[in-house]
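Q: One structure, pasted below without further comment.
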Amino acid sequence: MRLRSSTLSLLITLTLACHTSAAEKLRVLIIDGQNNHKWDITTPVLKHALESSDAFTVEVSTTPPKGSATEAWRGWNPDFNGYVAIISNYNGEPWPETVRSSFDQYVKNGGGFVSIHAANNSFPEWKEYNQMIGVGGWGGRNEASGPWLYVKDGKLFRDTSKGSGGAHGPQHEFIVEIQNSEHPITKGLPKRWLHAKDELYSRLRGPAENIEILSASVSDLTAVKEPNLMVLQYGKGRVFHTTLGHADYSMLDHGFYETLQRGTEWAATGAVTATADVPVDFPTENAVSAVKLEGYPKQQPPAPKK
């Protein structure tokens with residue numbers, strides 16, 4: 001049977017469109033392998049969150065486990081330049097100097113970087129990394145690491161008083177309040193939405209340079225709004241920093257999915273287009289909205305203390 005030229009032309013066009021669409025997906029890399037959180041459970045959720053948007057292709061690079069010999073670390077040397085954004089689900093031992101140097105150059109020269117939850121606990125002694133993430137917690141951070149950053153009465157405060165960096169109370173649901181509704185990552189999202197049970201990071205400290213707070217939540221510890229979605233400029237590179245995502249049940253939240261998709265696209269390209277539509281099942285101020293993912297959640301949130 002012969003196809004009409006118009007039909008054949010249509011088939012060719014559709015085929016080319018499919019190939020073009022696949023080629024235009026953003027190639028990103030998740031780094032895991034060590035964490036004080038269950039990275040082996042949460043990395044698949046991060047991967048699904050991105051790939052389910054149909055805007056990304058995701059690969060994973062897993063570091064040697066804690067306590068590995070130097071030789072094992074020599075074999076871990078990801079090619080960052082093969083990706084438009086790097087996502088860290090890592091909190092552990094220092095990377096080899098060669099990897100740190102190549103990562104620094106990657107972001108400084110325009111690569112995108114996304115820091116997830118405990119990734120901001122990592123590398124307290126690595127100056128450039130702390131400039132990338134803006135603020136972090138634990139690892140011996142204190143006033144020498146930089147100011148404590150928080151929002152109060154609509155103003156951003158940089159508190160330079162003495163104190164340790166990093167704290168959180170018991171896990172609980174909490175309101176995320178948008179501080180900048182005009183940024184591509186938050187544009188169109190509800191001003192206030194209820195986030196699933198999670199750790200609400202507080203008293204984060206760091207150099208806090210070239211940083212913009214996109215959202216914050218009132219801490220049960222400090223009674224001020226602690227930042228949880230941030231963007232930064234590092235050299236020519238863009239950084240999206242989210243403190244949300246302690247466990248799989250925290251990440252399986254339509255608010256987390258949406259902001260991760262938007263934040264990763266923005267870090268990679270400087271815009272949000274492929275993931276710009278707000279889903280109808282986005283959380284409201286009064287109700288959490290969970291993503292249905294087969295086999296998840298694998299973790300169970302701790303029971304409230306009596």
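A note on labels: chains of the structure tokens are A, B, ... as shown, every chain counts residues from 1, and ligands are counted from 1 in their shown order.
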Counting only C-alpha atoms, what is within 10 Å of Tyr234 (chain A), bar same-chain residues fewer than 6 positions away, as a PyMOL selection string?
A: chain A and resi 104+107-113+128-129+131-134+209-211
Q: Env of Leu194 (chain A): 9 Å cut, atoms = only C-alpha atoms, seq-sep filter 5 positions within chain, self excluded. Answer as a ChimeraX atom specification.
A: /A:173-177,255,283-289
Q: Neighbours of Ile30 (chain A) within 12 Å (only C-alpha atoms; same-chain residues fewer than 4 positions away dropped), as a ChimeraX atom specification?
A: /A:39-40,42-48,50,56-63,78,80,83-90,112-116,119,264
Q: Hey, can you spit out that residue selection with C-alpha atoms as a PDB file, in the first residue's frame?
A:
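Final file, again.pdb:
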ATOM      1  CA  TRP A  39      19.536   8.456  50.057  1.00  0.00           C
ATOM      2  CA  ASP A  40      18.906   4.996  48.584  1.00  0.00           C
ATOM      3  CA  THR A  42      14.928   9.227  48.327  1.00  0.00           C
ATOM      4  CA  THR A  43      17.009   9.308  45.135  1.00  0.00           C
ATOM      5  CA  PRO A  44      14.402   7.239  43.214  1.00  0.00           C
ATOM      6  CA  VAL A  45      11.744   9.733  44.344  1.00  0.00           C
ATOM      7  CA  LEU A  46      13.855  12.656  43.113  1.00  0.00           C
ATOM      8  CA  LYS A  47      14.380  10.841  39.811  1.00  0.00           C
ATOM      9  CA  HIS A  48      10.645  10.222  39.424  1.00  0.00           C
ATOM     10  CA  LEU A  50      11.923  15.100  37.529  1.00  0.00           C
ATOM     11  CA  PHE A  56      14.317  15.842  32.066  1.00  0.00           C
ATOM     12  CA  THR A  57      16.460  12.797  31.556  1.00  0.00           C
ATOM     13  CA  VAL A  58      18.070  11.812  34.845  1.00  0.00           C
ATOM     14  CA  GLU A  59      21.224   9.868  35.619  1.00  0.00           C
ATOM     15  CA  VAL A  60      22.662   9.004  39.025  1.00  0.00           C
ATOM     16  CA  SER A  61      26.278   8.973  40.190  1.00  0.00           C
ATOM     17  CA  THR A  62      26.837   7.171  43.503  1.00  0.00           C
ATOM     18  CA  THR A  63      29.999   7.919  45.469  1.00  0.00           C
ATOM     19  CA  PRO A  78      31.855  12.350  37.202  1.00  0.00           C
ATOM     20  CA  PHE A  80      29.841  17.397  35.237  1.00  0.00           C
ATOM     21  CA  TYR A  83      24.844  17.814  32.207  1.00  0.00           C
ATOM     22  CA  VAL A  84      22.896  21.064  32.387  1.00  0.00           C
ATOM     23  CA  ALA A  85      22.352  20.699  36.142  1.00  0.00           C
ATOM     24  CA  ILE A  86      23.775  18.712  39.050  1.00  0.00           C
ATOM     25  CA  ILE A  87      21.484  17.730  41.946  1.00  0.00           C
ATOM     26  CA  SER A  88      23.045  16.882  45.293  1.00  0.00           C
ATOM     27  CA  ASN A  89      21.365  14.332  47.532  1.00  0.00           C
ATOM     28  CA  TYR A  90      24.702  13.947  49.311  1.00  0.00           C
ATOM     29  CA  GLY A 112      23.189  24.609  37.228  1.00  0.00           C
ATOM     30  CA  PHE A 113      23.231  23.255  40.793  1.00  0.00           C
ATOM     31  CA  VAL A 114      20.363  22.042  42.999  1.00  0.00           C
ATOM     32  CA  SER A 115      20.928  21.436  46.735  1.00  0.00           C
ATOM     33  CA  ILE A 116      18.410  19.115  48.406  1.00  0.00           C
ATOM     34  CA  ALA A 119      23.096  18.612  51.098  1.00  0.00           C
ATOM     35  CA  THR A 264      15.931  22.426  38.368  1.00  0.00           C
TER      36      THR A 264
END
Q: As an exercise, work out the distance from CA of Lys298 (chain A) to CA of Ala247 (chain A) in Å and give it to one decimal place.
A: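 Computed distance, CA of Lys298 (chain A) to CA of Ala247 (chain A), equals 9.2 Å.
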Q: Among region 14-235 of chain A, which residues does DSSP mark as helix (DSSP H, G or I) when it is run on the backbone? Keep the chain and numbering as in the structure and answer as an mmCIF file with C-alpha atoms, in the first residue's frame.
A:
data_model
loop_
_atom_site.group_PDB
_atom_site.id
_atom_site.type_symbol
_atom_site.label_atom_id
_atom_site.label_comp_id
_atom_site.auth_asym_id
_atom_site.auth_seq_id
_atom_site.Cartn_x
_atom_site.Cartn_y
_atom_site.Cartn_z
ATOM 1 C CA LEU A 14 5.553 13.633 13.803
ATOM 2 C CA THR A 15 8.611 11.372 13.886
ATOM 3 C CA LEU A 16 10.966 14.331 13.764
ATOM 4 C CA ALA A 17 8.945 16.092 16.456
ATOM 5 C CA CYS A 18 9.267 13.074 18.738
ATOM 6 C CA HIS A 19 13.020 12.913 18.192
ATOM 7 C CA THR A 20 13.341 16.665 18.726
ATOM 8 C CA SER A 21 11.289 16.476 21.922
ATOM 9 C CA ALA A 22 13.508 13.712 23.289
ATOM 10 C CA ALA A 23 16.644 15.574 22.281
ATOM 11 C CA TRP A 39 19.536 8.456 50.057
ATOM 12 C CA ASP A 40 18.906 4.996 48.584
ATOM 13 C CA ILE A 41 15.182 5.531 49.211
ATOM 14 C CA THR A 42 14.928 9.227 48.327
ATOM 15 C CA THR A 43 17.009 9.308 45.135
ATOM 16 C CA PRO A 44 14.402 7.239 43.214
ATOM 17 C CA VAL A 45 11.744 9.733 44.344
ATOM 18 C CA LEU A 46 13.855 12.656 43.113
ATOM 19 C CA LYS A 47 14.380 10.841 39.811
ATOM 20 C CA HIS A 48 10.645 10.222 39.424
ATOM 21 C CA ALA A 49 9.808 13.802 40.392
ATOM 22 C CA LEU A 50 11.923 15.100 37.529
ATOM 23 C CA GLU A 51 11.227 12.496 34.881
ATOM 24 C CA THR A 70 41.537 6.429 48.505
ATOM 25 C CA GLU A 71 41.734 4.133 45.497
ATOM 26 C CA ALA A 72 37.948 3.801 45.416
ATOM 27 C CA TRP A 73 37.556 7.576 45.455
ATOM 28 C CA ARG A 74 40.006 7.910 42.575
ATOM 29 C CA PHE A 80 29.841 17.397 35.237
ATOM 30 C CA ASN A 81 30.081 19.120 31.875
ATOM 31 C CA GLY A 82 27.880 16.441 30.327
ATOM 32 C CA GLU A 97 40.168 17.697 45.431
ATOM 33 C CA THR A 98 40.013 17.036 41.678
ATOM 34 C CA VAL A 99 36.236 16.532 41.852
ATOM 35 C CA ARG A 100 35.734 19.607 44.026
ATOM 36 C CA SER A 101 37.765 21.702 41.624
ATOM 37 C CA SER A 102 35.897 20.475 38.545
ATOM 38 C CA PHE A 103 32.527 21.000 40.271
ATOM 39 C CA ASP A 104 33.485 24.528 41.295
ATOM 40 C CA GLN A 105 34.506 25.348 37.733
ATOM 41 C CA TYR A 106 31.360 23.726 36.347
ATOM 42 C CA VAL A 107 29.029 25.952 38.385
ATOM 43 C CA LYS A 108 31.217 29.036 38.123
ATOM 44 C CA HIS A 117 17.750 19.225 52.178
ATOM 45 C CA ALA A 118 20.792 17.718 53.989
ATOM 46 C CA ALA A 119 23.096 18.612 51.098
ATOM 47 C CA ASN A 120 23.357 21.956 52.866
ATOM 48 C CA ASN A 121 24.912 20.145 55.851
ATOM 49 C CA LYS A 127 34.557 27.773 51.027
ATOM 50 C CA GLU A 128 33.294 27.706 47.444
ATOM 51 C CA TYR A 129 30.551 25.186 48.205
ATOM 52 C CA ASN A 130 29.254 27.337 51.055
ATOM 53 C CA GLN A 131 29.190 30.312 48.703
ATOM 54 C CA MET A 132 27.110 28.208 46.283
ATOM 55 C CA ILE A 133 24.487 27.151 48.827
ATOM 56 C CA GLU A 143 28.835 32.784 63.499
ATOM 57 C CA ALA A 144 32.255 32.432 61.837
ATOM 58 C CA SER A 145 30.510 30.695 58.917
#
Q: Name the closest residue to Trp193 (chain A) among the candidates A:Gly139, A:Phe282, A:Val231, A:Gly163; distances are taken between atoms, counting only C-alpha atoms.
A: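 Selected residue with least distance to Trp193 (chain A): A:Phe282.
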Q: For the interface of region 47-166 of chain A with region 225-230 of chain A (cut-off 10 Å, counting only C-alpha atoms), please tabulate each contacting residue of region 47-166 of chain A alongside its nearest pair of atoms and their separation in Å to one decimal, rows sorted by chain and increasing number, as a Markdown table.
A:
| residue | atom | partner | partner_atom | distance |
| --- | --- | --- | --- | --- |
| A:Ser115 | CA | A:Met230 | CA | 9.8 |
| A:His117 | CA | A:Asn228 | CA | 8.9 |
| A:Ile133 | CA | A:Met230 | CA | 8.7 |
| A:Gly134 | CA | A:Met230 | CA | 8.6 |
| A:Val135 | CA | A:Pro227 | CA | 9.6 |
| A:Trp148 | CA | A:Glu226 | CA | 9.5 |
| A:Leu149 | CA | A:Glu226 | CA | 7.4 |
| A:Tyr150 | CA | A:Glu226 | CA | 5.0 |
| A:Val151 | CA | A:Lys225 | CA | 4.9 |
| A:Lys152 | CA | A:Lys225 | CA | 6.2 |
| A:Asp153 | CA | A:Lys225 | CA | 9.0 |
| A:Gly154 | CA | A:Lys225 | CA | 9.2 |
| A:Lys155 | CA | A:Lys225 | CA | 9.9 |
| A:Leu156 | CA | A:Lys225 | CA | 9.4 |
Q: Leaving out Asn91 (chain A) and any residue of its chain fewer than 3 positions from it, which residues lie within 6 Å of it when counting only C-alpha atoms, given as a list in words?
A: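 Everything that qualifies: Gln34, Asn35, Ala119 and Ser122 of chain A.
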